Structures are given as C-alpha cells and as structure tokens.
file work-v9.cif (mmCIF, C-alpha atoms)
data_final
#
loop_
_atom_site.label_atom_id
_atom_site.label_comp_id
_atom_site.auth_asym_id
_atom_site.auth_seq_id
_atom_site.Cartn_x
_atom_site.Cartn_y
_atom_site.Cartn_z
CA MET A 2 -63.74 -64.41 0.84
CA LYS A 3 -60.11 -64.28 -0.18
CA ARG A 4 -60.68 -66.91 -2.83
CA LEU A 5 -63.67 -65.07 -4.26
CA SER A 6 -61.77 -61.80 -4.52
CA GLY A 7 -58.85 -63.61 -6.19
CA THR A 8 -61.29 -65.10 -8.72
CA PHE A 9 -62.78 -61.65 -9.29
CA VAL A 10 -59.32 -60.21 -9.96
CA GLY A 11 -58.55 -63.06 -12.34
CA VAL A 12 -61.82 -62.49 -14.26
CA ALA A 13 -61.15 -58.73 -14.40
CA ILE A 14 -57.68 -59.33 -15.84
CA PHE A 15 -59.10 -61.78 -18.42
CA VAL A 16 -61.80 -59.29 -19.49
CA ALA A 17 -59.27 -56.46 -19.77
CA ALA A 18 -56.99 -58.64 -21.92
CA ALA A 19 -59.90 -59.64 -24.17
CA VAL A 20 -60.99 -56.03 -24.66
CA THR A 21 -57.42 -54.99 -25.47
CA ALA A 22 -57.02 -57.84 -27.97
CA SER A 23 -60.32 -57.10 -29.69
CA SER A 24 -59.44 -53.39 -29.90
CA ALA A 25 -56.11 -54.26 -31.51
CA LEU A 26 -57.86 -56.50 -34.05
CA ALA A 27 -60.46 -53.85 -34.82
CA ALA A 28 -57.71 -51.29 -35.46
CA THR A 29 -55.91 -53.48 -38.00
CA PRO A 30 -55.67 -51.45 -41.24
CA LYS A 31 -57.56 -52.86 -44.21
CA PRO A 32 -55.77 -53.01 -47.58
CA VAL A 33 -57.33 -50.93 -50.36
CA LEU A 34 -56.21 -51.79 -53.91
CA ILE A 35 -55.84 -48.78 -56.23
CA SER A 36 -55.41 -49.25 -59.96
CA GLY A 37 -56.11 -46.78 -62.74
CA LYS A 38 -55.12 -44.92 -65.89
CA TYR A 39 -54.92 -41.20 -66.57
CA ALA A 40 -53.95 -39.09 -69.59
CA GLY A 41 -53.73 -35.38 -70.24
CA THR A 42 -51.50 -32.45 -70.94
CA ALA A 43 -48.17 -31.56 -69.41
CA SER A 44 -45.70 -28.78 -69.85
CA THR A 45 -42.09 -28.27 -68.94
CA LYS A 46 -40.18 -25.02 -68.81
CA VAL A 47 -36.39 -25.13 -68.61
CA GLU A 48 -34.37 -22.30 -67.05
CA GLY A 49 -30.73 -23.26 -66.65
CA ASP A 50 -30.79 -26.73 -65.12
CA VAL A 51 -34.18 -26.30 -63.42
CA VAL A 52 -37.22 -27.79 -65.13
CA THR A 53 -40.62 -26.54 -63.95
CA ILE A 54 -43.27 -29.20 -64.52
CA SER A 55 -47.07 -29.02 -64.52
CA ALA A 56 -49.59 -31.66 -65.56
CA ALA A 57 -53.34 -32.17 -65.55
CA GLY A 58 -55.39 -35.03 -66.89
CA THR A 59 -58.46 -37.21 -66.58
CA GLY A 60 -59.04 -40.91 -66.13
CA SER A 61 -60.31 -43.33 -63.55
CA ALA A 62 -59.10 -45.60 -60.78
CA THR A 63 -60.60 -48.14 -58.43
CA MET A 64 -62.08 -46.58 -55.28
CA LEU A 65 -61.91 -43.16 -56.98
CA GLY A 66 -64.00 -43.65 -60.12
CA LYS A 67 -63.72 -41.14 -62.95
CA GLY A 68 -61.83 -38.02 -62.07
CA LYS A 69 -58.79 -35.83 -62.48
CA ILE A 70 -55.10 -35.88 -61.65
CA THR A 71 -52.93 -32.79 -61.28
CA GLY A 72 -49.31 -32.31 -60.41
CA ALA A 73 -46.61 -29.66 -60.20
CA GLY A 74 -42.94 -29.83 -59.42
CA THR A 75 -39.37 -29.30 -60.51
CA GLY A 76 -36.63 -31.41 -62.04
CA ASP A 77 -32.86 -31.23 -62.53
CA SER A 78 -31.97 -31.31 -66.25
CA SER A 79 -28.22 -31.38 -65.53
CA GLN A 80 -28.62 -35.11 -64.88
CA GLN A 81 -29.06 -36.85 -68.23
CA PRO A 82 -30.60 -38.99 -69.63
CA CYS A 83 -32.80 -39.57 -66.55
CA ILE A 84 -33.97 -36.35 -64.93
CA PRO A 85 -34.80 -36.60 -61.23
CA PHE A 86 -37.87 -34.64 -60.19
CA GLY A 87 -40.19 -34.04 -57.27
CA GLY A 88 -43.49 -32.38 -56.58
CA THR A 89 -47.00 -32.57 -55.24
CA GLY A 90 -50.50 -32.99 -56.58
CA THR A 91 -54.02 -34.32 -56.22
CA ILE A 92 -56.15 -37.11 -57.58
CA THR A 93 -59.89 -36.50 -57.36
CA GLY A 94 -62.71 -38.89 -58.03
CA ILE A 95 -66.31 -39.37 -57.04
CA VAL A 96 -67.84 -36.64 -54.91
CA GLY A 97 -65.72 -36.04 -51.84
CA THR A 98 -62.98 -38.56 -52.66
CA LYS A 99 -59.57 -36.98 -53.06
CA ILE A 100 -55.93 -38.00 -52.59
CA THR A 101 -53.34 -35.32 -51.91
CA TYR A 102 -49.87 -36.69 -52.63
CA LYS A 103 -46.16 -35.95 -52.56
CA LEU A 104 -43.64 -37.65 -54.85
CA LEU A 105 -40.98 -39.66 -53.07
CA PRO A 106 -37.24 -39.20 -53.76
CA GLY A 107 -36.14 -41.33 -56.70
CA ALA A 108 -38.71 -40.07 -59.20
CA SER A 109 -37.18 -39.89 -62.66
CA SER A 110 -38.03 -39.27 -66.27
CA CYS A 111 -35.72 -40.87 -68.84
CA GLY A 112 -35.70 -39.30 -72.30
CA ASP A 113 -34.90 -40.63 -75.73
CA GLU A 114 -31.76 -39.38 -77.51
CA GLY A 115 -33.51 -36.27 -78.82
CA GLY A 116 -35.25 -35.45 -75.53
CA HIS A 117 -38.70 -35.78 -77.08
CA VAL A 118 -40.32 -38.80 -75.41
CA PHE A 119 -39.72 -39.61 -71.74
CA SER A 120 -40.55 -42.70 -69.73
CA VAL A 121 -41.75 -41.72 -66.28
CA LYS A 122 -41.47 -43.76 -63.11
CA THR A 123 -42.19 -42.54 -59.61
CA LYS A 124 -43.70 -43.41 -56.28
CA LEU A 125 -45.98 -41.13 -54.36
CA THR A 126 -47.00 -41.08 -50.74
CA VAL A 127 -50.53 -40.20 -49.73
CA VAL A 128 -50.43 -37.08 -47.58
CA LYS A 129 -54.20 -36.90 -47.09
CA ALA A 130 -57.24 -38.82 -48.33
CA THR A 131 -60.92 -37.94 -48.09
CA GLY A 132 -64.31 -39.44 -48.95
CA LYS A 133 -64.31 -43.20 -49.54
CA LEU A 134 -60.57 -43.22 -48.83
CA LEU A 135 -60.75 -41.21 -45.59
CA ARG A 136 -57.60 -41.80 -43.51
CA ALA A 137 -56.04 -44.09 -46.15
CA LYS A 138 -52.24 -44.00 -46.16
CA GLY A 139 -49.54 -45.65 -48.21
CA ILE A 140 -47.47 -45.51 -51.35
CA LEU A 141 -48.64 -45.74 -54.97
CA THR A 142 -46.54 -46.26 -58.10
CA ILE A 143 -46.87 -44.28 -61.34
CA THR A 144 -45.41 -45.43 -64.64
CA GLY A 145 -46.01 -43.83 -68.00
CA VAL A 146 -44.90 -41.71 -70.92
CA TYR A 147 -44.53 -37.96 -71.43
CA ASP A 148 -44.35 -36.71 -75.04
CA ARG A 149 -42.66 -33.33 -74.79
CA ASP A 150 -43.38 -32.32 -78.40
CA ALA A 151 -47.12 -33.07 -78.14
CA GLY A 152 -47.36 -31.83 -74.54
CA THR A 153 -49.19 -35.01 -73.47
CA PHE A 154 -48.80 -37.76 -70.91
CA SER A 155 -50.38 -41.12 -70.16
CA ILE A 156 -49.81 -43.02 -66.93
CA LYS A 157 -50.80 -46.07 -64.96
CA LEU A 158 -51.32 -45.72 -61.22
CA PHE A 159 -51.27 -48.74 -58.92
CA GLY A 160 -50.61 -49.89 -55.39
CA THR A 161 -52.22 -50.73 -52.08
CA LEU A 162 -53.19 -48.22 -49.44
CA LYS A 163 -54.10 -49.08 -45.86
CA LYS A 164 -57.26 -47.69 -44.37
#

call {"tool": "encode", "arguments": {"input": "work-v9.cif", "output": "structure tokens"}}
result
Amino acid sequence: MKRLSGTFVGVAIFVAAAVTASSALAATPKPVLISGKYAGTASTKVEGDVVTISAAGTGSATMLGKGKITGAGTGDSSQQPCIPFGGTGTITGIVGTKITYKLLPGASSCGDEGGHVFSVKTKLTVVKATGKLLRAKGILTITGVYDRDAGTFSIKLFGTLKK
C-alpha cells in the first residue's frame, strides 16, 4: 500500500505541474501590431510659457479600422526649439474599439526657425482598451507634422501592444 500511495502522490504532483505549466502558457500575452495614419486640425494657445494644445482628426489603423483620434495637453514654450509636452486622448475605431492613452515623458515638438511647422515625436501608453483590443497594453509611437499656420496635423502611429 505504501508504494501505491507514493505513486499516487507522484502522479498528483505531475498533474499539478502540468496544469500550472499549461495555465502559464495560456496566459502568455499575444502581440498585436498597430499601424495607422491620422490627420486633422490642431490648435495651440500660448499664455506666458504654457502652451495649451488640442487636436482632433480622422484616419485608420490596423485592429481599429477607420476612426478618430483626439488629444489635449500642455507644453512648455520656454524650451526652444523643441517644446516638451504631455497630455491624454483617445483613438476610436470600429464599433466598441477604443484606446485611451497618456503621453509618456519625452514627448516633444521641434519647430522651424519661424515657429510655423513642427515635427512631432512622442510615445503613448495605453491606459485602457476596449472592443477588439480589450485588455491590450503597451506603448505606441507617434511621429508627424503640425502646421501651426494652417492649424493642421498629420501623424503616423505604430507599435505593438500585448493582449
């Protein structure tokens, strides 16, 4: 009987290890490639060294389809020629799919000599995702151009989220 109970314990330990290993494999996040382009209108209002920024546009991205991007934030115009800024926003796509994001430190917009056209580069972190991207997390990169005189922007959005 002792040998049988020892075998039973050994089998129980093996089964428990197998279940734990399969659970760990099942929980492995899947990469989700995001790539898209958006364009729209943007405005900046300068009071002292504080720049208030708002933007809204349309475009499309993988996993999101056609949709909208919005953002709002502030920048520090005392730092020239590249103005650091931060803020939050949303990217919406097909019904029920939405990314709520926050810009990471290091976002900047570098202007030409006249302060008319700015190259924009930033990274955003996904705060919340819904729909097809439910529970997706990660960091996306935005690069683009803001034309202050025309009040327009165009950007590329890319990166990999984990779901």

call {"tool": "resolve_selection", "arguments": {"input": "work-v9.cif", "expression": "the PyMOL selection byres ((chain A and resi 49) around 10)", "output": "list in words"}}
result
Lys46, Val47, Glu48, Asp50, Val51, Val52, Asp77, Ser78 and Ser79 of chain A

call {"tool": "residues_around", "arguments": {"input": "work-v9.cif", "residues": "Lys164 in chain A", "least_positions_apart": "4", "cutoff": "9 Å", "atoms": "all atoms listed in the file", "output": "number ranges by chain"}}
result
A: 29-33, 134-139

call {"tool": "resolve_selection", "arguments": {"input": "work-v9.cif", "expression": "the PyMOL selection byres ((chain A and resi 93-99) around 9)", "output": "ChimeraX atom specification"}}
result
/A:61-62,64-71,91-92,100-101,129-135

call {"tool": "closest_residue", "arguments": {"input": "work-v9.cif", "among": "A:Ala151, A:Cys111, A:Val128, A:Val146", "to": "Ser44 in chain A", "atoms": "only C-alpha atoms"}}
result
A:Ala151

call {"tool": "resolve_selection", "arguments": {"input": "work-v9.cif", "expression": "the PyMOL selection byres ((chain A and resi 54) around 7)", "output": "ChimeraX atom specification"}}
result
/A:44-46,52-53,55-56,73-75

call {"tool": "atom_distance", "arguments": {"input": "work-v9.cif", "atom1": "CA of Gly87 in chain A", "atom2": "CA of Ile143 in chain A"}}
result
12.9 Å

call {"tool": "residues_around", "arguments": {"input": "work-v9.cif", "residues": "Arg149 in chain A", "least_positions_apart": "6", "cutoff": "10 Å", "atoms": "only C-alpha atoms", "output": "list in words"}}
result
Thr42, Ala43, Ser44, Thr45, Gly112, Gly116, His117, Val118 and Phe119 of chain A

call {"tool": "atom_distance", "arguments": {"input": "work-v9.cif", "atom1": "CA of Ile156 in chain A", "atom2": "CA of Gly60 in chain A"}}
result
9.5 Å

call {"tool": "atom_distance", "arguments": {"input": "work-v9.cif", "atom1": "CA of Lys103 in chain A", "atom2": "CA of Tyr39 in chain A"}}
result
17.3 Å

call {"tool": "closest_residue", "arguments": {"input": "work-v9.cif", "among": "A:Ser155, A:Thr63, A:Gly58, A:Tyr102", "to": "Leu34 in chain A", "atoms": "only C-alpha atoms"}}
result
A:Thr63

call {"tool": "decode", "arguments": {"input": "work-v9.cif", "residues": "range 32-44 of chain A", "atoms": "all heavy atoms", "output": "PDB file, in the first residue's frame"}}
result
ATOM      1  N   PRO A  32       1.106  39.336 -29.152  1.00  0.00           N
ATOM      2  CA  PRO A  32       1.422  40.647 -29.725  1.00  0.00           C
ATOM      3  C   PRO A  32       0.354  41.074 -30.731  1.00  0.00           C
ATOM      4  O   PRO A  32      -0.160  40.264 -31.488  1.00  0.00           O
ATOM      5  CB  PRO A  32       2.768  40.423 -30.413  1.00  0.00           C
ATOM      6  CG  PRO A  32       2.839  38.954 -30.659  1.00  0.00           C
ATOM      7  CD  PRO A  32       2.009  38.294 -29.607  1.00  0.00           C
ATOM      8  N   VAL A  33       0.020  42.366 -30.701  1.00  0.00           N
ATOM      9  CA  VAL A  33      -0.955  42.937 -31.617  1.00  0.00           C
ATOM     10  C   VAL A  33      -0.296  44.135 -32.297  1.00  0.00           C
ATOM     11  O   VAL A  33      -0.024  45.149 -31.650  1.00  0.00           O
ATOM     12  CB  VAL A  33      -2.231  43.390 -30.871  1.00  0.00           C
ATOM     13  CG1 VAL A  33      -3.215  44.018 -31.833  1.00  0.00           C
ATOM     14  CG2 VAL A  33      -2.850  42.235 -30.111  1.00  0.00           C
ATOM     15  N   LEU A  34      -0.022  44.016 -33.592  1.00  0.00           N
ATOM     16  CA  LEU A  34       0.624  45.089 -34.349  1.00  0.00           C
ATOM     17  C   LEU A  34      -0.391  46.184 -34.653  1.00  0.00           C
ATOM     18  O   LEU A  34      -1.481  45.908 -35.143  1.00  0.00           O
ATOM     19  CB  LEU A  34       1.210  44.554 -35.652  1.00  0.00           C
ATOM     20  CG  LEU A  34       1.854  45.584 -36.567  1.00  0.00           C
ATOM     21  CD1 LEU A  34       3.091  46.185 -35.911  1.00  0.00           C
ATOM     22  CD2 LEU A  34       2.212  44.959 -37.897  1.00  0.00           C
ATOM     23  N   ILE A  35      -0.024  47.432 -34.349  1.00  0.00           N
ATOM     24  CA  ILE A  35      -0.855  48.600 -34.646  1.00  0.00           C
ATOM     25  C   ILE A  35      -0.060  49.505 -35.574  1.00  0.00           C
ATOM     26  O   ILE A  35       1.087  49.840 -35.296  1.00  0.00           O
ATOM     27  CB  ILE A  35      -1.219  49.382 -33.357  1.00  0.00           C
ATOM     28  CG1 ILE A  35      -1.906  48.494 -32.327  1.00  0.00           C
ATOM     29  CG2 ILE A  35      -2.056  50.607 -33.699  1.00  0.00           C
ATOM     30  CD1 ILE A  35      -3.293  48.050 -32.674  1.00  0.00           C
ATOM     31  N   SER A  36      -0.683  49.887 -36.681  1.00  0.00           N
ATOM     32  CA  SER A  36      -0.047  50.788 -37.635  1.00  0.00           C
ATOM     33  C   SER A  36      -1.141  51.595 -38.320  1.00  0.00           C
ATOM     34  O   SER A  36      -2.128  51.020 -38.787  1.00  0.00           O
ATOM     35  CB  SER A  36       0.741  49.984 -38.669  1.00  0.00           C
ATOM     36  OG  SER A  36       1.301  50.835 -39.634  1.00  0.00           O
ATOM     37  N   GLY A  37      -0.973  52.924 -38.357  1.00  0.00           N
ATOM     38  CA  GLY A  37      -2.002  53.733 -38.989  1.00  0.00           C
ATOM     39  C   GLY A  37      -1.568  55.158 -39.256  1.00  0.00           C
ATOM     40  O   GLY A  37      -0.455  55.562 -38.908  1.00  0.00           O
ATOM     41  N   LYS A  38      -2.473  55.899 -39.892  1.00  0.00           N
ATOM     42  CA  LYS A  38      -2.239  57.307 -40.219  1.00  0.00           C
ATOM     43  C   LYS A  38      -3.494  58.096 -39.878  1.00  0.00           C
ATOM     44  O   LYS A  38      -4.616  57.639 -40.125  1.00  0.00           O
ATOM     45  CB  LYS A  38      -1.938  57.471 -41.706  1.00  0.00           C
ATOM     46  CG  LYS A  38      -0.641  56.846 -42.148  1.00  0.00           C
ATOM     47  CD  LYS A  38      -0.425  57.069 -43.637  1.00  0.00           C
ATOM     48  CE  LYS A  38       0.871  56.405 -44.083  1.00  0.00           C
ATOM     49  NZ  LYS A  38       1.121  56.619 -45.511  1.00  0.00           N
ATOM     50  N   TYR A  39      -3.275  59.284 -39.330  1.00  0.00           N
ATOM     51  CA  TYR A  39      -4.369  60.183 -38.979  1.00  0.00           C
ATOM     52  C   TYR A  39      -3.991  61.607 -39.370  1.00  0.00           C
ATOM     53  O   TYR A  39      -2.809  61.966 -39.370  1.00  0.00           O
ATOM     54  CB  TYR A  39      -4.658  60.135 -37.475  1.00  0.00           C
ATOM     55  CG  TYR A  39      -5.181  58.794 -37.014  1.00  0.00           C
ATOM     56  CD1 TYR A  39      -4.310  57.764 -36.678  1.00  0.00           C
ATOM     57  CD2 TYR A  39      -6.551  58.563 -36.934  1.00  0.00           C
ATOM     58  CE1 TYR A  39      -4.793  56.529 -36.280  1.00  0.00           C
ATOM     59  CE2 TYR A  39      -7.039  57.329 -36.541  1.00  0.00           C
ATOM     60  CZ  TYR A  39      -6.156  56.317 -36.214  1.00  0.00           C
ATOM     61  OH  TYR A  39      -6.636  55.090 -35.822  1.00  0.00           O
ATOM     62  N   ALA A  40      -4.995  62.421 -39.677  1.00  0.00           N
ATOM     63  CA  ALA A  40      -4.781  63.831 -39.998  1.00  0.00           C
ATOM     64  C   ALA A  40      -5.991  64.606 -39.508  1.00  0.00           C
ATOM     65  O   ALA A  40      -7.102  64.060 -39.412  1.00  0.00           O
ATOM     66  CB  ALA A  40      -4.591  64.021 -41.501  1.00  0.00           C
ATOM     67  N   GLY A  41      -5.776  65.887 -39.204  1.00  0.00           N
ATOM     68  CA  GLY A  41      -6.892  66.687 -38.730  1.00  0.00           C
ATOM     69  C   GLY A  41      -6.465  68.088 -38.369  1.00  0.00           C
ATOM     70  O   GLY A  41      -5.484  68.611 -38.900  1.00  0.00           O
ATOM     71  N   THR A  42      -7.210  68.660 -37.445  1.00  0.00           N
ATOM     72  CA  THR A  42      -6.942  70.025 -37.025  1.00  0.00           C
ATOM     73  C   THR A  42      -6.375  70.046 -35.609  1.00  0.00           C
ATOM     74  O   THR A  42      -6.681  69.171 -34.799  1.00  0.00           O
ATOM     75  CB  THR A  42      -8.222  70.880 -37.067  1.00  0.00           C
ATOM     76  OG1 THR A  42      -9.203  70.295 -36.213  1.00  0.00           O
ATOM     77  CG2 THR A  42      -8.766  70.980 -38.483  1.00  0.00           C
ATOM     78  N   ALA A  43      -5.565  71.050 -35.363  1.00  0.00           N
ATOM     79  CA  ALA A  43      -4.961  71.221 -34.042  1.00  0.00           C
ATOM     80  C   ALA A  43      -4.851  72.706 -33.753  1.00  0.00           C
ATOM     81  O   ALA A  43      -4.728  73.523 -34.674  1.00  0.00           O
ATOM     82  CB  ALA A  43      -3.584  70.571 -33.992  1.00  0.00           C
ATOM     83  N   SER A  44      -4.915  73.026 -32.489  1.00  0.00           N
ATOM     84  CA  SER A  44      -4.749  74.419 -32.099  1.00  0.00           C
ATOM     85  C   SER A  44      -3.846  74.501 -30.882  1.00  0.00           C
ATOM     86  O   SER A  44      -3.804  73.581 -30.063  1.00  0.00           O
ATOM     87  CB  SER A  44      -6.104  75.073 -31.802  1.00  0.00           C
ATOM     88  OG  SER A  44      -6.701  74.476 -30.676  1.00  0.00           O
TER      89      SER A  44
END
